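Have a look at my_file.txt; it's compact mmCIF, C-alpha atoms:
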```
# COMPACT_ATOMS: atom_id res chain seq x y z
CA MET A 1 7.01 13.84 -10.59
CA ARG A 2 6.92 10.26 -9.34
CA ALA A 3 3.32 10.76 -8.24
CA LEU A 4 2.36 12.38 -11.56
CA PHE A 5 3.68 9.47 -13.62
CA ALA A 6 2.24 6.97 -11.16
CA PHE A 7 -1.12 8.66 -11.67
CA LEU A 8 -0.73 8.47 -15.47
CA ALA A 9 0.24 4.78 -15.30
CA GLY A 10 -2.73 4.12 -13.04
CA ALA A 11 -5.02 6.05 -15.38
CA LEU A 12 -3.89 3.95 -18.36
CA PHE A 13 -4.31 0.79 -16.30
CA GLY A 14 -7.80 1.79 -15.13
CA ALA A 15 -8.88 2.91 -18.60
CA GLY A 16 -7.58 -0.31 -20.12
CA LEU A 17 -9.37 -2.47 -17.56
CA PHE A 18 -12.59 -0.55 -18.20
CA ILE A 19 -12.40 -0.57 -22.01
CA SER A 20 -11.34 -4.22 -22.21
CA GLY A 21 -14.43 -5.33 -20.29
CA MET A 22 -12.36 -6.83 -17.47
CA THR A 23 -14.40 -4.98 -14.85
CA ASP A 24 -17.42 -6.98 -16.04
CA THR A 25 -17.44 -10.01 -13.76
CA THR A 26 -19.34 -12.11 -16.32
CA LYS A 27 -16.46 -11.78 -18.80
CA VAL A 28 -13.88 -12.91 -16.26
CA GLN A 29 -16.03 -15.77 -14.99
CA GLY A 30 -16.80 -16.57 -18.64
CA TRP A 31 -13.07 -16.99 -19.33
CA LEU A 32 -12.81 -19.45 -16.43
CA ASP A 33 -16.00 -21.27 -17.40
CA VAL A 34 -14.66 -23.86 -19.84
CA PHE A 35 -17.66 -26.13 -19.19
CA GLY A 36 -20.17 -23.37 -19.91
CA ASP A 37 -20.37 -20.40 -22.27
CA TRP A 38 -16.62 -19.85 -22.62
CA ASP A 39 -15.51 -16.24 -23.26
CA PRO A 40 -12.01 -15.80 -24.75
CA THR A 41 -11.81 -12.01 -24.20
CA LEU A 42 -9.38 -12.23 -21.27
CA ALA A 43 -6.80 -13.93 -23.49
CA PHE A 44 -6.87 -10.97 -25.88
CA VAL A 45 -6.53 -8.53 -22.98
CA MET A 46 -3.55 -10.43 -21.60
CA GLY A 47 -2.03 -10.74 -25.07
CA GLY A 48 -2.42 -7.02 -25.69
CA ALA A 49 -0.94 -6.14 -22.31
CA LEU A 50 2.10 -8.37 -22.73
CA ILE A 51 3.28 -6.60 -25.93
CA PRO A 52 4.16 -3.14 -24.50
CA MET A 53 5.34 -4.76 -21.27
CA ALA A 54 7.75 -7.14 -23.03
CA ILE A 55 9.17 -4.19 -25.01
CA ALA A 56 9.55 -2.23 -21.77
CA TRP A 57 11.54 -5.03 -20.14
CA GLN A 58 13.90 -5.04 -23.14
CA LEU A 59 14.34 -1.28 -22.77
CA THR A 60 15.42 -1.62 -19.14
CA ARG A 61 18.68 -3.28 -20.20
CA GLY A 62 21.68 -1.10 -19.50
CA ARG A 63 19.50 1.80 -18.40
CA ARG A 64 18.07 3.31 -15.25
CA PRO A 65 14.52 4.47 -14.57
CA VAL A 66 13.85 7.94 -15.97
CA LEU A 67 13.14 9.31 -12.49
CA GLY A 68 16.17 7.64 -10.90
CA GLY A 69 16.63 4.67 -8.65
CA ASP A 70 17.04 1.12 -9.90
CA PHE A 71 14.92 -1.25 -11.89
CA PRO A 72 13.52 -4.29 -10.08
CA ARG A 73 16.01 -7.08 -9.56
CA PRO A 74 15.96 -9.97 -12.06
CA ALA A 75 12.98 -12.22 -11.47
CA ASP A 76 13.34 -14.71 -8.65
CA GLN A 77 13.00 -18.14 -10.24
CA LYS A 78 12.23 -20.06 -7.07
CA LEU A 79 8.72 -21.39 -6.67
CA GLY A 80 7.75 -21.58 -3.04
CA ARG A 81 4.82 -22.95 -1.13
CA ASN A 82 3.51 -19.43 -0.56
CA LEU A 83 3.43 -18.72 -4.29
CA VAL A 84 1.47 -21.86 -5.05
CA LEU A 85 -0.90 -21.76 -2.08
CA GLY A 86 -1.46 -18.01 -2.42
CA SER A 87 -2.20 -18.26 -6.14
CA VAL A 88 -4.65 -21.13 -5.59
CA LEU A 89 -6.52 -19.16 -2.88
CA PHE A 90 -6.50 -16.05 -5.07
CA GLY A 91 -7.79 -18.03 -8.05
CA ALA A 92 -10.65 -19.45 -5.98
CA GLY A 93 -11.73 -15.95 -4.95
CA TRP A 94 -11.24 -14.67 -8.49
CA GLY A 95 -13.59 -17.36 -9.79
CA LEU A 96 -16.19 -16.82 -7.06
CA ALA A 97 -16.72 -13.12 -7.72
CA GLY A 98 -15.01 -12.54 -11.09
CA LEU A 99 -12.85 -9.77 -9.62
CA CYS A 100 -9.11 -9.45 -9.12
CA PRO A 101 -7.42 -6.49 -7.41
CA GLY A 102 -7.03 -4.23 -10.48
CA PRO A 103 -10.61 -4.43 -11.74
CA ALA A 104 -11.88 -4.27 -8.15
CA LEU A 105 -10.35 -0.79 -7.97
CA ALA A 106 -11.25 0.32 -11.50
CA SER A 107 -14.93 -0.54 -10.97
CA LEU A 108 -15.34 1.22 -7.62
CA SER A 109 -16.85 4.37 -9.13
CA TYR A 110 -19.73 2.60 -10.83
CA GLY A 111 -19.99 -0.96 -9.53
CA GLY A 112 -22.22 -0.22 -6.55
CA SER A 113 -22.18 -1.40 -2.96
CA GLY A 114 -21.09 -4.95 -3.78
CA HIS A 115 -17.76 -3.60 -5.04
CA TRP A 116 -17.14 -1.62 -1.87
CA LEU A 117 -17.91 -4.73 0.16
CA PHE A 118 -15.45 -6.69 -1.98
CA LEU A 119 -12.78 -4.02 -1.48
CA ILE A 120 -13.21 -4.04 2.31
CA ALA A 121 -13.02 -7.85 2.40
CA MET A 122 -9.97 -7.81 0.11
CA ILE A 123 -8.19 -5.30 2.35
CA ALA A 124 -9.03 -7.44 5.38
CA GLY A 125 -7.52 -10.44 3.59
CA MET A 126 -4.40 -8.41 2.79
CA VAL A 127 -4.01 -7.41 6.43
CA ALA A 128 -4.49 -11.03 7.49
CA ALA A 129 -1.73 -12.11 5.12
CA ALA A 130 0.82 -9.64 6.49
CA PRO A 131 2.25 -11.94 9.21
CA PHE A 132 2.84 -14.68 6.60
CA ARG A 133 4.75 -12.25 4.40
CA SER A 134 7.42 -11.37 6.94
CA ARG A 135 9.96 -13.70 5.31
CA LEU A 136 9.03 -12.85 1.74
CA ASN A 137 11.19 -10.74 -0.50
CA THR A 138 9.11 -7.85 -1.71
CA THR A 139 9.24 -7.03 -5.38
CA MET B 1 -20.52 -9.73 -28.84
CA GLU B 2 -18.10 -10.39 -31.66
CA GLN B 3 -16.24 -7.09 -31.17
CA ASP B 4 -15.41 -7.88 -27.57
CA TRP B 5 -12.00 -9.22 -28.45
CA ILE B 6 -11.07 -5.96 -30.23
CA TRP B 7 -12.02 -3.92 -27.14
CA GLY B 8 -10.18 -6.48 -25.06
CA PHE B 9 -7.03 -6.20 -27.15
CA VAL B 10 -7.11 -2.38 -27.20
CA GLY B 11 -7.73 -2.29 -23.45
CA GLY B 12 -4.92 -4.79 -22.98
CA LEU B 13 -2.52 -2.57 -24.93
CA MET B 14 -3.45 0.31 -22.60
CA ILE B 15 -2.89 -1.85 -19.52
CA GLY B 16 0.51 -2.89 -20.86
CA THR B 17 1.39 0.72 -21.73
CA GLY B 18 0.55 1.74 -18.17
CA GLY B 19 2.80 -1.03 -16.88
CA ALA B 20 5.58 0.00 -19.28
CA LEU B 21 5.35 3.63 -18.14
CA TYR B 22 5.44 2.66 -14.46
CA LEU B 23 8.47 0.44 -15.07
CA LEU B 24 10.52 2.72 -17.33
CA VAL B 25 9.77 6.02 -15.58
CA ASN B 26 9.21 5.08 -11.95
CA GLY B 27 11.26 1.90 -12.02
CA ARG B 28 8.51 -0.16 -10.43
CA ILE B 29 6.44 -3.22 -11.21
CA MET B 30 2.80 -2.38 -11.81
CA GLY B 31 1.04 -4.88 -9.58
CA ALA B 32 -2.34 -3.83 -8.22
CA SER B 33 -2.26 -6.13 -5.18
CA GLY B 34 1.24 -5.03 -4.22
CA ILE B 35 0.62 -1.31 -4.67
CA LEU B 36 -2.50 -1.46 -2.51
CA GLY B 37 -1.35 -4.23 -0.18
CA ALA B 38 1.85 -2.52 0.92
CA LEU B 39 -0.18 0.55 1.88
CA VAL B 40 -2.63 -1.56 3.83
CA ASP B 41 -0.03 -3.50 5.84
CA GLY B 42 2.26 -0.51 6.27
CA THR B 43 5.31 -1.89 4.46
CA GLY B 44 4.98 0.63 1.62
CA LEU B 45 4.33 3.81 3.58
CA ARG B 46 7.68 5.27 2.50
CA THR B 47 6.42 5.32 -1.10
CA MET B 48 2.88 6.28 -0.12
CA GLY B 49 2.55 9.26 -2.49
CA GLU B 50 3.39 7.24 -5.56
CA ARG B 51 1.08 4.41 -4.51
CA LEU B 52 -1.87 6.67 -3.74
CA ALA B 53 -1.41 8.53 -7.04
CA PHE B 54 -1.45 5.24 -8.95
CA LEU B 55 -4.60 4.07 -7.14
CA ALA B 56 -6.29 7.42 -7.80
CA GLY B 57 -5.58 7.01 -11.52
CA VAL B 58 -7.03 3.49 -11.59
CA ILE B 59 -10.17 4.46 -9.70
CA LEU B 60 -10.87 7.82 -11.38
CA MET B 61 -9.94 7.25 -15.03
CA PRO B 62 -12.95 5.08 -15.92
CA ILE B 63 -15.34 7.89 -14.94
CA PRO B 64 -14.88 10.10 -18.05
CA LEU B 65 -14.96 6.95 -20.21
CA TYR B 66 -18.47 5.81 -19.26
CA PRO B 67 -19.99 7.16 -22.54
CA LEU B 68 -17.53 5.13 -24.65
CA TYR B 69 -18.69 1.83 -23.37
CA ARG B 70 -21.84 -0.02 -24.26
CA GLU B 71 -22.84 -0.66 -20.70
CA VAL B 72 -21.35 0.11 -17.34
CA ASP B 73 -22.66 -2.85 -15.42
CA THR B 74 -20.23 -5.13 -13.65
CA HIS B 75 -22.87 -7.86 -13.12
CA ILE B 76 -21.44 -8.60 -9.69
CA THR B 77 -23.31 -11.22 -7.70
CA GLY B 78 -25.90 -10.03 -5.21
CA ASN B 79 -24.85 -12.72 -2.75
CA TRP B 80 -22.92 -10.81 -0.11
CA LEU B 81 -21.53 -13.96 1.48
CA VAL B 82 -19.93 -14.88 -1.85
CA ILE B 83 -18.54 -11.35 -2.21
CA ILE B 84 -17.02 -11.37 1.28
CA ALA B 85 -15.50 -14.84 0.85
CA ALA B 86 -14.14 -13.90 -2.57
CA GLY B 87 -12.66 -10.63 -1.31
CA LEU B 88 -10.94 -12.33 1.63
CA LEU B 89 -9.49 -15.03 -0.63
CA VAL B 90 -8.28 -12.52 -3.24
CA GLY B 91 -6.70 -10.24 -0.63
CA PHE B 92 -5.04 -13.02 1.36
CA GLY B 93 -4.00 -15.07 -1.67
CA THR B 94 -2.46 -12.26 -3.70
CA ARG B 95 -0.40 -11.06 -0.75
CA LEU B 96 0.76 -14.57 0.14
CA ALA B 97 1.72 -15.19 -3.49
CA ASN B 98 3.16 -11.66 -3.74
CA GLY B 99 1.22 -10.78 -6.87
CA CYS B 100 -1.97 -10.98 -8.88
CA THR B 101 -3.07 -10.79 -12.50
CA SER B 102 -1.17 -7.55 -13.14
CA GLY B 103 2.04 -8.20 -11.21
CA HIS B 104 2.52 -11.94 -11.80
CA GLY B 105 0.45 -12.04 -15.00
CA VAL B 106 1.20 -8.96 -17.10
CA CYS B 107 4.55 -7.93 -15.60
CA GLY B 108 5.84 -11.41 -14.75
CA ILE B 109 5.01 -13.32 -17.92
CA SER B 110 6.35 -10.48 -20.10
CA ARG B 111 9.83 -11.01 -18.66
CA LEU B 112 9.43 -14.79 -18.67
CA SER B 113 9.53 -15.00 -14.89
CA LEU B 114 9.01 -18.60 -13.83
CA ARG B 115 7.19 -17.40 -10.70
CA GLY B 116 4.87 -15.19 -12.73
CA ILE B 117 4.07 -17.97 -15.18
CA ALA B 118 3.54 -20.55 -12.41
CA ALA B 119 1.33 -18.20 -10.38
CA THR B 120 -0.78 -17.48 -13.46
CA VAL B 121 -1.22 -21.18 -14.21
CA PHE B 122 -2.26 -21.86 -10.60
CA TYR B 123 -4.76 -19.01 -10.24
CA ILE B 124 -6.37 -19.75 -13.60
CA LEU B 125 -6.65 -23.46 -12.74
CA ALA B 126 -8.07 -22.66 -9.31
CA GLY B 127 -10.51 -20.18 -10.85
CA GLY B 128 -11.64 -22.73 -13.41
CA VAL B 129 -12.18 -25.41 -10.76
CA THR B 130 -14.07 -22.91 -8.60
CA ILE B 131 -16.43 -22.01 -11.46
CA ALA B 132 -16.96 -25.68 -12.32
CA LEU B 133 -17.71 -26.52 -8.69
CA PHE B 134 -19.78 -23.54 -7.56
CA ARG B 135 -21.59 -22.84 -10.84
CA HIS B 136 -22.11 -26.20 -12.47
CA MET B 137 -22.20 -28.57 -9.48
CA LEU B 138 -23.52 -26.47 -6.61
CA GLY B 139 -25.28 -23.74 -8.60
CA VAL B 140 -24.26 -20.99 -6.15
CA ILE B 141 -22.78 -18.47 -8.59
```
Serialized structure, structure tokens:
Amino acid sequence: MRALFAFLAGALFGAGLFISGMTDTTKVQGWLDVFGDWDPTLAFVMGGALIPMAIAWQLTRGRRPVLGGDFPRPADQKLGRNLVLGSVLFGAGWGLAGLCPGPALASLSYGGSGHWLFLIAMIAGMVAAAPFRSRLNTT
Amino acid sequence: MEQDWIWGFVGGLMIGTGGALYLLVNGRIMGASGILGALVDGTGLRTMGERLAFLAGVILMPIPLYPLYREVDTHITGNWLVIIAAGLLVGFGTRLANGCTSGHGVCGISRLSLRGIAATVFYILAGGVTIALFRHMLGVI
């Protein structure tokens, strides 16, 4: 059951990334390109995504997940060096190629060899980051 | 195109609905970098089935939707050096920061997590500076 609903959540995520145009690297780079031909689409995608998610967080109050277990702990409010440095490095890569992890996966079936190369490099980067994560709390 | 924002909003609602489902049913935060990253570095092997099922959904679902969309071209750069550098930065950075656009962005901002909001500000700023530098000053991308 957990796998079935994980698949459904992933399918909605993948479909949403595809339909929203977020797998098109020009739209993502266009959002970041305030000095060029600025593209506001990403703001509408983020706005649309935040609505069901904010409702879902409200619904977690006083409940447990349908399939058991516990909801994630309340958000950690501490900003650390890893959060800032990691986000800056991620943002630089995001700007360079116009891909973040979700769209990189959603575009694998049709993006061509460049997307597979990106995925391999991204996985290598994830492996390289593992030693630095040893003291992190996982969410 | 002027209808792009409508597609963007509808797609965004679907992304958020996926995140809501994963949270309310499975009790987990839908973060692409975390779901993949914990498989890659071995820390999430205990929940491997759930993670693989999620990834399968993300990768496979666009396939039947190709006809709906105007064009299925991702316009990715042909410069393989740029792709490799970008992939390394995205993989390393998202794991160091413990989240990406879906985990820190969609799931973090929606519960007003200071970490999620701060991460989003930093990666958007860094992305903007990168585009300004490499597109407008150096002309590489």
Show me a table, sorted first by chain and then by increasing residue number, of the residues of segment 20-97 of chain A having an atom at most 12 Å from segment 30-49 of chain B, each with its shortest atom pair and the distance in Å to one decimal, counting all atoms listed in the file and written as a Markdown table.
```
| residue | atom | partner | partner_atom | distance |
| --- | --- | --- | --- | --- |
| A:Ala49 | CA | B:Met30 | CA | 11.8 |
| A:Met53 | CA | B:Met30 | CA | 10.1 |
| A:Pro72 | CA | B:Met30 | CA | 11.0 |
| A:Phe90 | CA | B:Ser33 | CA | 10.8 |
```
**OP:** Find the residues near Asp70 of chain A: any atom within 7 Å, counting all atoms listed in the file, skip ones fewer than 5 places away on the same chain, and give them as JSON, numbers by chain.
**Re:** {"A": [64, 65], "B": [27]}
How would the residues just chosen look if you wrote them out with C-alpha atoms as a PDB file, in the frame of the given file?
```pdb
ATOM      1  CA  ARG A  64      18.070   3.310 -15.250  1.00  0.00           C
ATOM      2  CA  PRO A  65      14.520   4.470 -14.570  1.00  0.00           C
TER       3      PRO A  65
ATOM      4  CA  GLY B  27      11.260   1.900 -12.020  1.00  0.00           C
TER       5      GLY B  27
END
```
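Here the question is which of B:Gly11, B:Gly78, B:Val25, B:Ile6 gets nearest to Gly112 of chain A using all atoms listed in the file, and that residue is B:Gly78.
Of note, atom CA of Leu60 of chain B and atom CA of Asp73 of chain B are spaced 16.4 Å apart.
Of the listed residues A:Gly48, A:Gly16, A:Gly10, A:Gly86, the one whose atoms come nearest to His104 of chain B is A:Gly86, with distances taken using all atoms listed in the file.
Interatomic distance, atom CA of Ile109 of chain B to atom CA of Leu96 of chain A: 24.1 Å.
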**OP:** Within 10 Å of (-11.5, -19.2, -8.4) (coordinates as in the file), grab all the protein and nucleic acid residues, counting all atoms listed in the file, and write them out as a ChimeraX atom specification.
**Re:** /A:29,32,87-99 /B:86,89-90,122-134
Grab the residues selected above and save them as a short mmCIF file (atom, residue, chain, number, x, y, z; two decimals), in the frame of the given file with C-alpha atoms.
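Below is the file that was written, out.cif:
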```cif
data_model
loop_
_atom_site.label_atom_id
_atom_site.label_comp_id
_atom_site.auth_asym_id
_atom_site.auth_seq_id
_atom_site.Cartn_x
_atom_site.Cartn_y
_atom_site.Cartn_z
CA GLN A 29 -16.03 -15.77 -14.99
CA LEU A 32 -12.81 -19.45 -16.43
CA SER A 87 -2.20 -18.26 -6.14
CA VAL A 88 -4.65 -21.13 -5.59
CA LEU A 89 -6.52 -19.16 -2.88
CA PHE A 90 -6.50 -16.05 -5.07
CA GLY A 91 -7.79 -18.03 -8.05
CA ALA A 92 -10.65 -19.45 -5.98
CA GLY A 93 -11.73 -15.95 -4.95
CA TRP A 94 -11.24 -14.67 -8.49
CA GLY A 95 -13.59 -17.36 -9.79
CA LEU A 96 -16.19 -16.82 -7.06
CA ALA A 97 -16.72 -13.12 -7.72
CA GLY A 98 -15.01 -12.54 -11.09
CA LEU A 99 -12.85 -9.77 -9.62
CA ALA B 86 -14.14 -13.90 -2.57
CA LEU B 89 -9.49 -15.03 -0.63
CA VAL B 90 -8.28 -12.52 -3.24
CA PHE B 122 -2.26 -21.86 -10.60
CA TYR B 123 -4.76 -19.01 -10.24
CA ILE B 124 -6.37 -19.75 -13.60
CA LEU B 125 -6.65 -23.46 -12.74
CA ALA B 126 -8.07 -22.66 -9.31
CA GLY B 127 -10.51 -20.18 -10.85
CA GLY B 128 -11.64 -22.73 -13.41
CA VAL B 129 -12.18 -25.41 -10.76
CA THR B 130 -14.07 -22.91 -8.60
CA ILE B 131 -16.43 -22.01 -11.46
CA ALA B 132 -16.96 -25.68 -12.32
CA LEU B 133 -17.71 -26.52 -8.69
CA PHE B 134 -19.78 -23.54 -7.56
#
```
**OP:** Select all residues near (-18.5, -1.4, -1.9) (cut-off 12 Å, inclusive, file coordinates), counting all atoms listed in the file, and output them as a PyMOL selection string.
**Re:** (chain A and resi 104-105+107-123) or (chain B and resi 76+78+80+83-84+87)
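You can rank B:Leu81, B:Gly103, B:Thr94, B:Ile117 by their closest distance to chain A using all atoms listed in the file, and at the top of that list sits B:Thr94.
When the distance limit is 7 Å and all atoms listed in the file are what count, the residues near Gly105 of chain B, minus those fewer than 5 positions from it on the same chain, are Cys100, Gly116, Ile117 and Thr120 of chain B.
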Could you write out the selected residues, including C-alpha atoms, as a PDB file, in the coordinates of the input?
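File produced: selection.pdb:
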```
ATOM      1  CA  CYS B 100      -1.970 -10.980  -8.880  1.00  0.00           C
ATOM      2  CA  GLY B 116       4.870 -15.190 -12.730  1.00  0.00           C
ATOM      3  CA  ILE B 117       4.070 -17.970 -15.180  1.00  0.00           C
ATOM      4  CA  THR B 120      -0.780 -17.480 -13.460  1.00  0.00           C
TER       5      THR B 120
END
```
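Among the candidates A:Cys100, A:Thr25, A:Ala106, A:Gly125, the residue lying nearest to Phe54 of chain B is A:Ala106 (atoms considered: all atoms listed in the file).
Using all atoms listed in the file for every distance, the candidate list B:Leu21, B:Arg115, B:Asn79, B:Thr74 yields B:Thr74 as the residue closest to Thr26 of chain A.
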Original post:
Which is closest to Asp24 of chain A among A:Met1, A:Val66, A:Leu42, A:Ala9, if we use all atoms listed in the file?
Top reply: A:Leu42
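Across the structure, atom CA of Lys27 of chain A and atom CA of Asp4 of chain B are spaced 9.7 Å apart.
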Padding of 8 Å on every side, edges along x, y and z, all listed atoms of segment 88-101 of chain A included: what centre and edge lengths in Å, to one decimal, does that box have, as lines of an AutoDock Vina configuration file?
```
center_x = -10.7
center_y = -13.8
center_z = -7.0
size_x = 28.1
size_y = 30.6
size_z = 24.2
```
Mind filling out segment 12-21 of chain B with all heavy atoms and sending it as a JSON list (two decimals), in the coordinates of the input?
```
[["chain", "number", "residue", "atom", "x", "y", "z"],
["B", 12, "GLY", "N", -6.14, -4.12, -23.41],
["B", 12, "GLY", "CA", -4.92, -4.79, -22.98],
["B", 12, "GLY", "C", -3.69, -3.98, -23.32],
["B", 12, "GLY", "O", -2.77, -3.85, -22.50],
["B", 13, "LEU", "N", -3.66, -3.41, -24.54],
["B", 13, "LEU", "CA", -2.52, -2.57, -24.93],
["B", 13, "LEU", "C", -2.37, -1.39, -23.96],
["B", 13, "LEU", "O", -1.26, -1.00, -23.60],
["B", 13, "LEU", "CB", -2.71, -2.04, -26.36],
["B", 13, "LEU", "CG", -2.51, -3.05, -27.50],
["B", 13, "LEU", "CD1", -2.89, -2.41, -28.84],
["B", 13, "LEU", "CD2", -1.06, -3.53, -27.56],
["B", 14, "MET", "N", -3.51, -0.83, -23.54],
["B", 14, "MET", "CA", -3.45, 0.31, -22.60],
["B", 14, "MET", "C", -2.93, -0.14, -21.24],
["B", 14, "MET", "O", -2.13, 0.55, -20.61],
["B", 14, "MET", "CB", -4.84, 0.93, -22.45],
["B", 14, "MET", "CG", -5.33, 1.57, -23.74],
["B", 14, "MET", "SD", -7.04, 2.13, -23.62],
["B", 14, "MET", "CE", -6.80, 3.60, -22.64],
["B", 15, "ILE", "N", -3.37, -1.31, -20.80],
["B", 15, "ILE", "CA", -2.89, -1.85, -19.52],
["B", 15, "ILE", "C", -1.38, -2.05, -19.59],
["B", 15, "ILE", "O", -0.63, -1.65, -18.70],
["B", 15, "ILE", "CB", -3.59, -3.20, -19.19],
["B", 15, "ILE", "CG1", -5.08, -2.97, -18.95],
["B", 15, "ILE", "CG2", -2.93, -3.90, -18.00],
["B", 15, "ILE", "CD1", -5.91, -4.26, -18.91],
["B", 16, "GLY", "N", -0.92, -2.65, -20.70],
["B", 16, "GLY", "CA", 0.51, -2.89, -20.86],
["B", 16, "GLY", "C", 1.31, -1.59, -20.96],
["B", 16, "GLY", "O", 2.43, -1.50, -20.47],
["B", 17, "THR", "N", 0.72, -0.58, -21.61],
["B", 17, "THR", "CA", 1.39, 0.72, -21.73],
["B", 17, "THR", "C", 1.52, 1.37, -20.35],
["B", 17, "THR", "O", 2.55, 1.98, -20.03],
["B", 17, "THR", "CB", 0.63, 1.63, -22.70],
["B", 17, "THR", "OG1", 0.45, 0.94, -23.93],
["B", 17, "THR", "CG2", 1.39, 2.92, -22.95],
["B", 18, "GLY", "N", 0.48, 1.24, -19.54],
["B", 18, "GLY", "CA", 0.55, 1.74, -18.17],
["B", 18, "GLY", "C", 1.67, 1.06, -17.40],
["B", 18, "GLY", "O", 2.46, 1.71, -16.70],
["B", 19, "GLY", "N", 1.75, -0.27, -17.55],
["B", 19, "GLY", "CA", 2.80, -1.03, -16.88],
["B", 19, "GLY", "C", 4.19, -0.64, -17.37],
["B", 19, "GLY", "O", 5.13, -0.53, -16.58],
["B", 20, "ALA", "N", 4.29, -0.40, -18.69],
["B", 20, "ALA", "CA", 5.58, 0.00, -19.28],
["B", 20, "ALA", "C", 6.01, 1.36, -18.74],
["B", 20, "ALA", "O", 7.18, 1.57, -18.39],
["B", 20, "ALA", "CB", 5.46, 0.03, -20.80],
["B", 21, "LEU", "N", 5.07, 2.28, -18.65],
["B", 21, "LEU", "CA", 5.35, 3.63, -18.14],
["B", 21, "LEU", "C", 5.83, 3.55, -16.68],
["B", 21, "LEU", "O", 6.82, 4.18, -16.30],
["B", 21, "LEU", "CB", 4.07, 4.47, -18.24],
["B", 21, "LEU", "CG", 4.15, 5.94, -17.88],
["B", 21, "LEU", "CD1", 4.92, 6.70, -18.95],
["B", 21, "LEU", "CD2", 2.75, 6.54, -17.75]]
```
